[in-house]
Number of protein chains: 2
Amino acid sequence: MSITIKDVARQANVSVATVSRVLNNLPGYSEDTKKKVLGIINDLGYQPNAIARGLINKKTKTIGVLLPNVSNLFAADVLAGIEDIAHEMDYSVVICKTDKSGERTLKYLQMLREKQVDGILFVSEWMKEEYYEVISRMSIPVVLVSTKSDYPLPYVKVNDFEASYDAVNYLLNKGHRSIGMIAGTEGDLIATSPRVEGFKKALLDEGIDDEPAIVYGDFAFETGITGMEELIEKYPEVTAVFCASDEMAVGALSYLYKKNIRVPDQIAVVGYDNTSAAEKAIPPLTTVGQPLYEMGRSAAEMLLKKRPTSNVVLQHKIIERETVK
Amino acid sequence: MSITIKDVARQANVSVATVSRVLNNLPGYSEDTKKKVLGIINDLGYQPNAIARGLINKKTKTIGVLLPNVSNLFAADVLAGIEDIAHEMDYSVVICKTDKSGERTLKYLQMLREKQVDGILFVSEWMKEEYYEVISRMSIPVVLVSTKSDYPLPYVKVNDFEASYDAVNYLLNKGHRSIGMIAGTEGDLIATSPRVEGFKKALLDEGIDDEPAIVYGDFAFETGITGMEELIEKYPEVTAVFCASDEMAVGALSYLYKKNIRVPDQIAVVGYDNTSAAEKAIPPLTTVGQPLYEMGRSAAEMLLKKRPTSNVVLQHKIIERETVK
DNA sequence: TTGAAAGCGCTAACAT
DNA sequence: ATGTTAGCGCTTTCAA
C-alpha cells in the first residue's frame, strides 16, 4: 500500500483538508502547521495521486497527439516542439501513431476520451467526418497541425500554395525555364493540391505555359527515386526539380547520383520541409523550410494557453544550400 | 456533464453494480438485462471513465517512455516498436523527452509516479543512482532499452563489443589494414567503451598493434564531420573508418564529399545502427544494423507481458551497401 | 440474478 | 486556522 494523504494527516495531527490545502497552496493554515505538514510529507516520501485528483478536478494534465507515423524526421521535430511546451506547462503527452488507419484512429480517439485527456493535437492527417463527430462530442479543445479541415477546428500550418510558389520562383530567378515537380500523393487536398497549384501558378506568371512537368509520389524516399526516373523519362528537358518533401528530394538525389547526373550542374533540386535530412544530404539540399519544431510548440501553446480560436499561419522560408546554383 | 454509469443504470432500471458487471463481462445477470443495458449504453453513447477505474483498480493502462531525444531516427524507430506493442495491448504511452537533463528526468519520474503509470521504459540513457532510487520506490516494472546498468533492471540491447568487433573484422576481410574509428562520447560506458574495445580487439587479433586510430565525437552528425577531419589529419594512412553511429558516418561522408575524397575507393566507411539514414545516404551506407524497431517491441513486450526478468540480447548484423568495396 | 453500500485518494464546501 | 463531510465515477464485497 502506498502512502496517501490520510497517512500524512494522521502523522501530522491535522485533517486531510489541511494537508490538501498546503499541497495546493491554498490559504488557511499557520506557518507552523505548514512546516509540520511539509516535514511529514518529506519524511514519508508522500506523492499525491494524480488519478484521484483527476477524478475530482476533471483535469488530467495530459494531452493526446495523433499522428500517422513517428519514424520520420518531420514528425520527430513537430513532436519535440509539442513535448517541450507540454513539459513547461506540466502536461504529459501520450502519442498515438495511427498508421493512417481510420480504425486505429477511431480506437485512439475513444481511448483518449476514456482517459479524459484535456486536449488533442491532430497532426498531418485528413480530418474525416467520422473523426470529427467523436471529437466534437468530447468537448475538449483540438488543434490541427500541418493540416486543416472544413470543420471549425483551428490549425497551425504554413501556406502551402505560397511556399510552393516561392520555391518555383526561386528556381525561375536562378534562370531555370524548364522545371519539373515531384508532387505528393495524388488527390491529397492538404499537402499536394496547393503545392501543385503554386507550382503551376509560378510558371504561368512567368509566361511559361508548357504542359506542367509533374509526377506524383507519396512523400517518401522511394517515390523520390522512382519519381525522378519517371520525370526524366517523360520530360528530359527539365533542368530543375521541385520536390514536395525533403524525403523525396533525397530520393531524387540518390537516383541522380546513381545515374551520374551532377547536382546542381545538370539538374537542380529543391526540397520541402527542411527536416534535418536536408542539411545532411549530399550535396546539402536547398529546400523550402517549414518551422517544424515551432509548429509543434505553437500548436501546443494554443491548445494549452489560450482557448484555441484563430488559425496561425507560420512563415516558410527558402533555405539555400547547394543543390541549386 | 457527461454521461456516467449512474445515468445508464437509471435508464435501464438496474443498479450501477449490474451495469458494471456487464461492462466488465462478469457473471451475474440475465441475457435480457445484458441486452437492455448494452442498448442503453449505445443509445446514450456512454463511455467508461478510465480515471475512476484507475483509482480503484490501481491500473492505468499506460506506460512511460523516457528517452533523451525524439528528433532522431534511432529514437523514432524504437518508439514505433514500443507504440505498436502498447497499442496491441491497449496501453497508452506517454513520452518523456529528457534532453539528457538529470533534473528533467527526475521531474518526469515524479510525474509518472503521480500519474500512476504501470511501467517504465528507459531508453538510451545512463541509469544514475538517483534515478534508480526513485524508480525502485515506485515498485513498478522497468526495462532498459539500448542501455544497461549495475542495478537489477532487465535490459534489451545488442552486444556492442561483438557488433563492433564484427564490423572491424568485416573491414579487415575486405583487405583494409589501416582502420580508423570515430567513436562516441568519451567516457560513455554503454555505447562507447564496448565499441572501442571491440575495435581494438579485432585489430589485435589480426596482429595489428599500431596505436589505435581513434577520435571521439558525440554520435551526432556534426562530430562526424569534425571527427573525419581530425582522423585524416592525425592518421592520414587510414583507408577505412568505422563510425559508432550512422549519423556520424553520414557526417563523415559529407566531409569526404566536400574534400573530393571518393568513397569507397579512397576511403571506406561503416556506420552503426542502420537507421533509415543509412540507406538514403550517398553512397548508401554499409553499417552494422541494430534491430531498432524490434528492440522497442521486445522491451515493451517484456514490460507488459512477462514480468520482466532476464535480459535479452538482440542480434546485430552487418548490412552491406556501397561504402565499402 | 440483482442491489445497497463502502471506499479508491483526493478536493471543496460548510462548519466551527 | 482547522476539521467534517460529501462526493468525483467506478468496482466490489455482502446481502437479499
# chains A, B, ... in the order shown; residues from 1 in each chain; ligands from 1
call {"tool": "residues_around", "arguments": {"residues": "DT12 of chain D", "least_positions_apart": "3", "cutoff": "12 Å", "atoms": "only C-alpha atoms (C1' of nucleotides)", "output": "PyMOL selection string"}}
result
(chain B and resi 16-18+20-21+26+56-57) or (chain C and resi 4-8)
call {"tool": "write_last_selection", "arguments": {"atoms": "N, CA, C and O atoms (P, O5', C5', C4', C3', O3' and C1' of nucleotides)", "output": "short mmCIF file (atom, residue, chain, number, x, y, z; two decimals), in the first residue's frame"}}
result
data_model
loop_
_atom_site.label_atom_id
_atom_site.label_comp_id
_atom_site.auth_asym_id
_atom_site.auth_seq_id
_atom_site.Cartn_x
_atom_site.Cartn_y
_atom_site.Cartn_z
N VAL B 16 -26.18 0.30 -10.56
CA VAL B 16 -24.88 0.53 -11.19
C VAL B 16 -24.03 -0.73 -11.13
O VAL B 16 -23.21 -0.98 -12.01
N ALA B 17 -24.25 -1.52 -10.11
CA ALA B 17 -23.48 -2.76 -9.99
C ALA B 17 -23.70 -3.64 -11.20
O ALA B 17 -22.75 -4.20 -11.77
N THR B 18 -24.94 -3.75 -11.60
CA THR B 18 -25.24 -4.58 -12.76
C THR B 18 -24.60 -4.02 -14.03
O THR B 18 -24.01 -4.75 -14.82
N SER B 20 -21.99 -2.25 -14.20
CA SER B 20 -20.57 -2.51 -14.07
C SER B 20 -20.26 -3.95 -14.47
O SER B 20 -19.28 -4.22 -15.16
N ARG B 21 -21.13 -4.85 -14.05
CA ARG B 21 -20.90 -6.26 -14.39
C ARG B 21 -20.91 -6.49 -15.90
O ARG B 21 -20.02 -7.14 -16.43
N LEU B 26 -18.47 -9.67 -16.32
CA LEU B 26 -18.51 -10.54 -15.16
C LEU B 26 -19.84 -11.26 -15.17
O LEU B 26 -20.79 -10.81 -15.79
N ILE B 56 -9.62 2.90 -8.62
CA ILE B 56 -9.99 1.71 -7.85
C ILE B 56 -9.16 0.48 -8.21
O ILE B 56 -8.74 -0.27 -7.35
N ASN B 57 -8.87 0.34 -9.48
CA ASN B 57 -8.08 -0.83 -9.93
C ASN B 57 -6.60 -0.70 -9.66
O ASN B 57 -5.86 -1.67 -9.75
P DA C 4 -30.90 -0.62 -4.46
"O5'" DA C 4 -30.28 -0.63 -2.99
"C5'" DA C 4 -30.26 -1.84 -2.22
"C4'" DA C 4 -29.36 -1.64 -1.02
"C3'" DA C 4 -28.95 -0.21 -0.71
"O3'" DA C 4 -28.76 -0.13 0.69
"C1'" DA C 4 -27.04 -1.42 -1.40
P DA C 5 -28.20 1.21 1.37
"O5'" DA C 5 -26.62 0.93 1.35
"C5'" DA C 5 -26.15 -0.31 1.90
"C4'" DA C 5 -24.63 -0.24 1.96
"C3'" DA C 5 -24.07 1.14 2.25
"O3'" DA C 5 -22.87 0.94 2.98
"C1'" DA C 5 -23.24 0.43 0.21
P DA C 6 -22.24 2.10 3.84
"O5'" DA C 6 -20.72 1.63 3.95
"C5'" DA C 6 -20.42 0.23 3.90
"C4'" DA C 6 -19.08 0.07 3.21
"C3'" DA C 6 -18.10 1.19 3.51
"O3'" DA C 6 -16.82 0.62 3.69
"C1'" DA C 6 -18.40 1.02 1.19
P DG C 7 -15.65 1.47 4.34
"O5'" DG C 7 -14.84 1.84 3.03
"C5'" DG C 7 -14.30 0.78 2.23
"C4'" DG C 7 -13.70 1.38 0.98
"C3'" DG C 7 -12.94 2.69 1.25
"O3'" DG C 7 -11.76 2.67 0.47
"C1'" DG C 7 -14.46 3.02 -0.45
P DC C 8 -10.39 3.09 1.06
"O5'" DC C 8 -9.48 3.20 -0.23
"C5'" DC C 8 -9.34 2.12 -1.16
"C4'" DC C 8 -9.09 2.72 -2.54
"C3'" DC C 8 -8.40 4.08 -2.46
"O3'" DC C 8 -7.01 3.89 -2.67
"C1'" DC C 8 -10.27 4.10 -4.00
#
call {"tool": "closest_atom_pairs", "arguments": {"of": "chain B", "to": "chain C", "cutoff": "10 Å", "atoms": "only C-alpha atoms (C1' of nucleotides)", "output": "CSV"}}
result
residue,atom,partner,partner_atom,distance
B:Val14,CA,C:DT2,C1',8.1
B:Ser15,CA,C:DG3,C1',6.1
B:Val16,CA,C:DG3,C1',8.6
B:Ala17,CA,C:DG3,C1',7.3
B:Thr18,CA,C:DT2,C1',7.2
B:Pro27,CA,C:DT1,C1',9.5
B:Gly28,CA,C:DT1,C1',5.9
B:Tyr29,CA,C:DT1,C1',5.2
B:Ser30,CA,C:DT1,C1',6.6
B:Thr33,CA,C:DT1,C1',9.6
B:Ala52,CA,C:DC8,C1',8.6
B:Arg53,CA,C:DC8,C1',9.1
B:Gly54,CA,C:DC8,C1',8.8
B:Leu55,CA,C:DC8,C1',5.3
B:Ile56,CA,C:DC8,C1',4.5
B:Asn57,CA,C:DC8,C1',8.0
B:Lys58,CA,C:DC8,C1',8.4
call {"tool": "write_last_selection", "arguments": {"atoms": "all heavy atoms", "output": "short mmCIF file (atom, residue, chain, number, x, y, z; two decimals), in the first residue's frame"}}
result
data_model
loop_
_atom_site.label_atom_id
_atom_site.label_comp_id
_atom_site.auth_asym_id
_atom_site.auth_seq_id
_atom_site.Cartn_x
_atom_site.Cartn_y
_atom_site.Cartn_z
N VAL B 14 -31.76 -0.64 -13.63
CA VAL B 14 -30.96 -1.63 -12.90
C VAL B 14 -30.02 -0.85 -11.99
O VAL B 14 -29.99 0.38 -12.03
CB VAL B 14 -30.14 -2.52 -13.85
CG1 VAL B 14 -31.05 -3.34 -14.74
CG2 VAL B 14 -29.19 -1.68 -14.68
N SER B 15 -29.24 -1.54 -11.21
CA SER B 15 -28.29 -0.84 -10.34
C SER B 15 -26.98 -0.61 -11.08
O SER B 15 -26.70 -1.26 -12.08
CB SER B 15 -28.02 -1.67 -9.10
OG SER B 15 -27.28 -2.81 -9.46
N VAL B 16 -26.18 0.30 -10.56
CA VAL B 16 -24.88 0.53 -11.19
C VAL B 16 -24.03 -0.73 -11.13
O VAL B 16 -23.21 -0.98 -12.01
CB VAL B 16 -24.13 1.68 -10.50
CG1 VAL B 16 -24.86 2.99 -10.70
CG2 VAL B 16 -23.92 1.40 -9.03
N ALA B 17 -24.25 -1.52 -10.11
CA ALA B 17 -23.48 -2.76 -9.99
C ALA B 17 -23.70 -3.64 -11.20
O ALA B 17 -22.75 -4.20 -11.77
CB ALA B 17 -23.86 -3.48 -8.71
N THR B 18 -24.94 -3.75 -11.60
CA THR B 18 -25.24 -4.58 -12.76
C THR B 18 -24.60 -4.02 -14.03
O THR B 18 -24.01 -4.75 -14.82
CB THR B 18 -26.77 -4.70 -12.94
OG1 THR B 18 -27.31 -5.33 -11.77
CG2 THR B 18 -27.10 -5.52 -14.15
N PRO B 27 -19.93 -12.38 -14.46
CA PRO B 27 -21.20 -13.11 -14.43
C PRO B 27 -22.17 -12.41 -13.49
O PRO B 27 -21.77 -11.56 -12.70
CB PRO B 27 -20.79 -14.46 -13.88
CG PRO B 27 -19.58 -14.17 -13.05
CD PRO B 27 -18.87 -13.05 -13.73
N GLY B 28 -23.42 -12.77 -13.61
CA GLY B 28 -24.38 -12.24 -12.65
C GLY B 28 -25.50 -11.40 -13.22
O GLY B 28 -25.88 -10.41 -12.61
N TYR B 29 -26.01 -11.78 -14.37
CA TYR B 29 -27.18 -11.07 -14.91
C TYR B 29 -27.76 -11.91 -16.04
O TYR B 29 -27.06 -12.75 -16.63
CB TYR B 29 -26.79 -9.69 -15.42
CG TYR B 29 -25.53 -9.70 -16.26
CD1 TYR B 29 -25.58 -10.04 -17.60
CD2 TYR B 29 -24.30 -9.42 -15.68
CE1 TYR B 29 -24.43 -10.08 -18.36
CE2 TYR B 29 -23.14 -9.47 -16.43
CZ TYR B 29 -23.20 -9.79 -17.77
OH TYR B 29 -22.07 -9.86 -18.51
N SER B 30 -28.98 -11.68 -16.34
CA SER B 30 -29.64 -12.46 -17.39
C SER B 30 -29.29 -11.90 -18.77
O SER B 30 -28.85 -10.76 -18.89
CB SER B 30 -31.15 -12.40 -17.17
OG SER B 30 -31.59 -11.07 -17.37
N THR B 33 -31.24 -8.57 -19.31
CA THR B 33 -30.73 -7.32 -18.76
C THR B 33 -29.48 -6.90 -19.52
O THR B 33 -29.26 -5.71 -19.75
CB THR B 33 -30.40 -7.45 -17.27
OG1 THR B 33 -29.68 -8.65 -17.08
CG2 THR B 33 -31.65 -7.44 -16.43
N ALA B 52 -11.66 7.09 -13.11
CA ALA B 52 -12.36 6.49 -11.97
C ALA B 52 -11.97 5.02 -11.84
O ALA B 52 -11.72 4.51 -10.75
CB ALA B 52 -13.86 6.62 -12.17
N ARG B 53 -11.89 4.37 -12.98
CA ARG B 53 -11.47 2.97 -12.96
C ARG B 53 -10.09 2.82 -12.38
O ARG B 53 -9.81 1.93 -11.58
CB ARG B 53 -11.44 2.43 -14.39
CG ARG B 53 -12.77 1.95 -14.85
CD ARG B 53 -12.63 1.30 -16.21
NE ARG B 53 -13.83 0.57 -16.54
CZ ARG B 53 -14.11 0.13 -17.76
NH1 ARG B 53 -13.25 0.35 -18.75
NH2 ARG B 53 -15.21 -0.52 -17.99
N GLY B 54 -9.21 3.70 -12.83
CA GLY B 54 -7.82 3.61 -12.39
C GLY B 54 -7.70 3.79 -10.89
O GLY B 54 -6.87 3.15 -10.24
N LEU B 55 -8.52 4.65 -10.37
CA LEU B 55 -8.45 4.94 -8.94
C LEU B 55 -8.71 3.68 -8.13
O LEU B 55 -8.06 3.41 -7.13
CB LEU B 55 -9.48 6.00 -8.58
CG LEU B 55 -9.47 6.49 -7.14
CD1 LEU B 55 -8.10 7.01 -6.77
CD2 LEU B 55 -10.51 7.57 -6.95
N ILE B 56 -9.62 2.90 -8.62
CA ILE B 56 -9.99 1.71 -7.85
C ILE B 56 -9.16 0.48 -8.21
O ILE B 56 -8.74 -0.27 -7.35
CB ILE B 56 -11.51 1.47 -8.00
CG1 ILE B 56 -11.98 0.32 -7.13
CG2 ILE B 56 -11.92 1.27 -9.43
CD1 ILE B 56 -13.46 0.41 -6.87
N ASN B 57 -8.87 0.34 -9.48
CA ASN B 57 -8.08 -0.83 -9.93
C ASN B 57 -6.60 -0.70 -9.66
O ASN B 57 -5.86 -1.67 -9.75
CB ASN B 57 -8.19 -1.01 -11.45
CG ASN B 57 -9.56 -1.41 -11.87
OD1 ASN B 57 -10.30 -2.02 -11.11
ND2 ASN B 57 -9.92 -1.06 -13.11
N LYS B 58 -6.16 0.51 -9.46
CA LYS B 58 -4.71 0.75 -9.35
C LYS B 58 -3.97 0.31 -10.61
O LYS B 58 -2.83 -0.14 -10.57
CB LYS B 58 -4.13 0.04 -8.12
CG LYS B 58 -4.34 0.86 -6.85
CD LYS B 58 -4.91 0.04 -5.74
CE LYS B 58 -4.91 0.84 -4.44
NZ LYS B 58 -5.13 2.29 -4.61
#
call {"tool": "interface_residues", "arguments": {"of": "chain D", "to": "chain A", "cutoff": "12 Å", "atoms": "only C-alpha atoms (C1' of nucleotides)", "output": "JSON, numbers by chain"}}
result
{"D": [1, 2, 3, 4, 5, 7, 8, 9, 10]}
call {"tool": "write_last_selection", "arguments": {"atoms": "N, CA and C atoms (P, O5', C5', C4', C3', O3' and C1' of nucleotides)", "output": "PDB file, in the first residue's frame"}}
result
ATOM      1  P    DA D   1      -4.864  32.161   9.268  1.00  0.00           P
ATOM      2  O5'  DA D   1      -5.256  31.158  10.424  1.00  0.00           O
ATOM      3  C5'  DA D   1      -4.280  30.726  11.360  1.00  0.00           C
ATOM      4  C4'  DA D   1      -4.836  29.510  12.021  1.00  0.00           C
ATOM      5  C3'  DA D   1      -4.488  28.192  11.309  1.00  0.00           C
ATOM      6  O3'  DA D   1      -4.226  27.218  12.325  1.00  0.00           O
ATOM      7  C1'  DA D   1      -6.845  28.435  11.386  1.00  0.00           C
ATOM      8  P    DT D   2      -3.668  25.789  12.006  1.00  0.00           P
ATOM      9  O5'  DT D   2      -4.995  24.986  11.795  1.00  0.00           O
ATOM     10  C5'  DT D   2      -5.694  24.524  12.954  1.00  0.00           C
ATOM     11  C4'  DT D   2      -6.982  23.873  12.538  1.00  0.00           C
ATOM     12  C3'  DT D   2      -6.834  22.615  11.696  1.00  0.00           C
ATOM     13  O3'  DT D   2      -7.023  21.521  12.574  1.00  0.00           O
ATOM     14  C1'  DT D   2      -8.738  23.913  11.125  1.00  0.00           C
ATOM     15  P    DG D   3      -7.004  20.042  12.099  1.00  0.00           P
ATOM     16  O5'  DG D   3      -8.568  19.708  12.025  1.00  0.00           O
ATOM     17  C5'  DG D   3      -9.377  20.001  13.152  1.00  0.00           C
ATOM     18  C4'  DG D   3     -10.824  19.663  12.844  1.00  0.00           C
ATOM     19  C3'  DG D   3     -11.037  18.268  12.250  1.00  0.00           C
ATOM     20  O3'  DG D   3     -12.201  17.720  12.844  1.00  0.00           O
ATOM     21  C1'  DG D   3     -11.957  19.892  10.801  1.00  0.00           C
ATOM     22  P    DT D   4     -12.560  16.177  12.665  1.00  0.00           P
ATOM     23  O5'  DT D   4     -14.045  16.226  12.089  1.00  0.00           O
ATOM     24  C5'  DT D   4     -14.758  17.456  12.078  1.00  0.00           C
ATOM     25  C4'  DT D   4     -16.052  17.267  11.306  1.00  0.00           C
ATOM     26  C3'  DT D   4     -16.353  15.847  10.833  1.00  0.00           C
ATOM     27  O3'  DT D   4     -17.763  15.688  10.832  1.00  0.00           O
ATOM     28  C1'  DT D   4     -16.078  17.250   8.942  1.00  0.00           C
ATOM     29  P    DT D   5     -18.442  14.331  10.367  1.00  0.00           P
ATOM     30  O5'  DT D   5     -18.708  14.663   8.836  1.00  0.00           O
ATOM     31  C5'  DT D   5     -19.514  15.809   8.509  1.00  0.00           C
ATOM     32  C4'  DT D   5     -19.676  15.883   6.998  1.00  0.00           C
ATOM     33  C3'  DT D   5     -19.946  14.529   6.339  1.00  0.00           C
ATOM     34  O3'  DT D   5     -20.954  14.748   5.361  1.00  0.00           O
ATOM     35  C1'  DT D   5     -18.170  15.592   5.251  1.00  0.00           C
ATOM     36  P    DG D   7     -23.423  14.390  -1.526  1.00  0.00           P
ATOM     37  O5'  DG D   7     -22.507  13.075  -1.638  1.00  0.00           O
ATOM     38  C5'  DG D   7     -22.138  12.572  -2.907  1.00  0.00           C
ATOM     39  C4'  DG D   7     -21.198  13.534  -3.613  1.00  0.00           C
ATOM     40  C3'  DG D   7     -20.604  12.880  -4.845  1.00  0.00           C
ATOM     41  O3'  DG D   7     -20.624  13.776  -5.922  1.00  0.00           O
ATOM     42  C1'  DG D   7     -18.871  13.496  -3.333  1.00  0.00           C
ATOM     43  P    DC D   8     -21.045  13.272  -7.360  1.00  0.00           P
ATOM     44  O5'  DC D   8     -19.722  13.296  -8.235  1.00  0.00           O
ATOM     45  C5'  DC D   8     -18.921  14.442  -8.457  1.00  0.00           C
ATOM     46  C4'  DC D   8     -17.601  13.951  -9.028  1.00  0.00           C
ATOM     47  C3'  DC D   8     -17.733  12.645  -9.813  1.00  0.00           C
ATOM     48  O3'  DC D   8     -17.753  12.957 -11.202  1.00  0.00           O
ATOM     49  C1'  DC D   8     -15.859  12.595  -8.254  1.00  0.00           C
ATOM     50  P    DG D   9     -18.920  12.367 -12.138  1.00  0.00           P
ATOM     51  O5'  DG D   9     -18.475  10.868 -12.394  1.00  0.00           O
ATOM     52  C5'  DG D   9     -17.293  10.610 -13.129  1.00  0.00           C
ATOM     53  C4'  DG D   9     -16.951   9.143 -13.005  1.00  0.00           C
ATOM     54  C3'  DG D   9     -18.093   8.190 -13.388  1.00  0.00           C
ATOM     55  O3'  DG D   9     -17.563   7.252 -14.305  1.00  0.00           O
ATOM     56  C1'  DG D   9     -17.254   7.638 -11.256  1.00  0.00           C
ATOM     57  P    DC D  10     -18.354   6.037 -14.879  1.00  0.00           P
ATOM     58  O5'  DC D  10     -17.856   4.858 -13.931  1.00  0.00           O
ATOM     59  C5'  DC D  10     -16.622   4.244 -14.203  1.00  0.00           C
ATOM     60  C4'  DC D  10     -16.071   3.606 -12.959  1.00  0.00           C
ATOM     61  C3'  DC D  10     -16.531   2.179 -12.692  1.00  0.00           C
ATOM     62  O3'  DC D  10     -15.638   1.299 -13.375  1.00  0.00           O
ATOM     63  C1'  DC D  10     -16.333   3.486 -10.686  1.00  0.00           C
TER      64       DC D  10
END
call {"tool": "residues_around", "arguments": {"residues": "Met302 of chain B", "least_positions_apart": "2", "cutoff": "10 Å", "atoms": "only C-alpha atoms (C1' of nucleotides)", "output": "PyMOL selection string"}}
result
chain B and resi 141-143+154-156+296-300+304-312
call {"tool": "closest_residue", "arguments": {"among": "A:Asp150, A:Glu162, A:Asp205, A:Glu322", "to": "chain B", "atoms": "only C-alpha atoms"}}
result
A:Glu322
call {"tool": "select_by_dssp", "arguments": {"residues": "segment 120-313 of chain B", "states": "strand (DSSP E)", "output": "PyMOL selection string"}}
result
chain B and resi 120-123+142-145+155-158+179-183+213-216+240-243+268-273+286-289+312-313
call {"tool": "write_last_selection", "arguments": {"atoms": "C-alpha atoms", "output": "PDB file, in the first residue's frame"}}
result
ATOM      1  CA  ILE B 120       8.529   2.455 -17.463  1.00  0.00           C
ATOM      2  CA  LEU B 121      10.835   2.054 -20.431  1.00  0.00           C
ATOM      3  CA  PHE B 122      14.151   3.753 -20.033  1.00  0.00           C
ATOM      4  CA  VAL B 123      15.867   4.252 -23.363  1.00  0.00           C
ATOM      5  CA  VAL B 142      11.070  -1.040 -15.562  1.00  0.00           C
ATOM      6  CA  VAL B 143      13.048  -2.200 -18.542  1.00  0.00           C
ATOM      7  CA  LEU B 144      16.111  -0.630 -20.034  1.00  0.00           C
ATOM      8  CA  VAL B 145      16.359  -0.276 -23.777  1.00  0.00           C
ATOM      9  CA  TYR B 155      17.574  -4.723 -20.454  1.00  0.00           C
ATOM     10  CA  VAL B 156      17.076  -5.221 -24.163  1.00  0.00           C
ATOM     11  CA  LYS B 157      20.069  -4.436 -26.259  1.00  0.00           C
ATOM     12  CA  VAL B 158      22.674  -5.607 -28.694  1.00  0.00           C
ATOM     13  CA  ILE B 179      41.424   1.334 -39.989  1.00  0.00           C
ATOM     14  CA  GLY B 180      40.301   4.356 -38.040  1.00  0.00           C
ATOM     15  CA  MET B 181      37.377   4.844 -35.727  1.00  0.00           C
ATOM     16  CA  ILE B 182      35.118   7.763 -34.947  1.00  0.00           C
ATOM     17  CA  ALA B 183      33.846   6.728 -31.548  1.00  0.00           C
ATOM     18  CA  ALA B 213      43.469   5.440 -34.770  1.00  0.00           C
ATOM     19  CA  ILE B 214      40.558   6.672 -32.682  1.00  0.00           C
ATOM     20  CA  VAL B 215      38.896  10.045 -32.385  1.00  0.00           C
ATOM     21  CA  TYR B 216      35.838  10.822 -30.308  1.00  0.00           C
ATOM     22  CA  ALA B 240      38.674   2.758 -43.780  1.00  0.00           C
ATOM     23  CA  VAL B 241      36.668   4.320 -40.984  1.00  0.00           C
ATOM     24  CA  PHE B 242      34.301   2.709 -38.565  1.00  0.00           C
ATOM     25  CA  CYS B 243      31.811   5.158 -37.056  1.00  0.00           C
ATOM     26  CA  ALA B 268      35.674   3.028 -46.925  1.00  0.00           C
ATOM     27  CA  VAL B 269      33.165   3.864 -44.235  1.00  0.00           C
ATOM     28  CA  VAL B 270      30.991   1.767 -41.983  1.00  0.00           C
ATOM     29  CA  GLY B 271      28.247   3.082 -39.751  1.00  0.00           C
ATOM     30  CA  TYR B 272      26.381   1.738 -36.756  1.00  0.00           C
ATOM     31  CA  ASP B 273      22.616   1.447 -36.120  1.00  0.00           C
ATOM     32  CA  THR B 286      27.295  -0.095 -45.140  1.00  0.00           C
ATOM     33  CA  THR B 287      26.554  -0.375 -41.452  1.00  0.00           C
ATOM     34  CA  VAL B 288      26.140  -2.675 -38.503  1.00  0.00           C
ATOM     35  CA  GLY B 289      22.439  -2.983 -38.005  1.00  0.00           C
ATOM     36  CA  VAL B 312      17.533 -10.028 -23.942  1.00  0.00           C
ATOM     37  CA  VAL B 313      20.405  -9.574 -26.316  1.00  0.00           C
TER      38      VAL B 313
END
call {"tool": "interface_residues", "arguments": {"of": "chain A", "to": "chain B", "cutoff": "8 Å", "atoms": "only C-alpha atoms", "output": "number ranges by chain"}}
result
A: 47-52, 54-55, 69-73, 76-77, 79-80, 83, 92-97, 113-116, 221, 250-251, 254, 257, 280-283
call {"tool": "select_by_dssp", "arguments": {"residues": "segment 14-99 of chain A", "states": "helix (DSSP H, G or I)", "output": "ChimeraX atom specification"}}
result
/A:16-23,31-44,50-57,73-88
call {"tool": "atom_distance", "arguments": {"atom1": "atom CA of Glu237 of chain A", "atom2": "atom CA of Asn274 of chain A"}}
result
26.9 Å
call {"tool": "atom_distance", "arguments": {"atom1": "atom CA of Asp166 of chain A", "atom2": "atom CA of Lys317 of chain A"}}
result
8.6 Å
call {"tool": "atom_distance", "arguments": {"atom1": "atom CA of Pro212 of chain B", "atom2": "atom CA of Leu189 of chain B"}}
result
18.6 Å
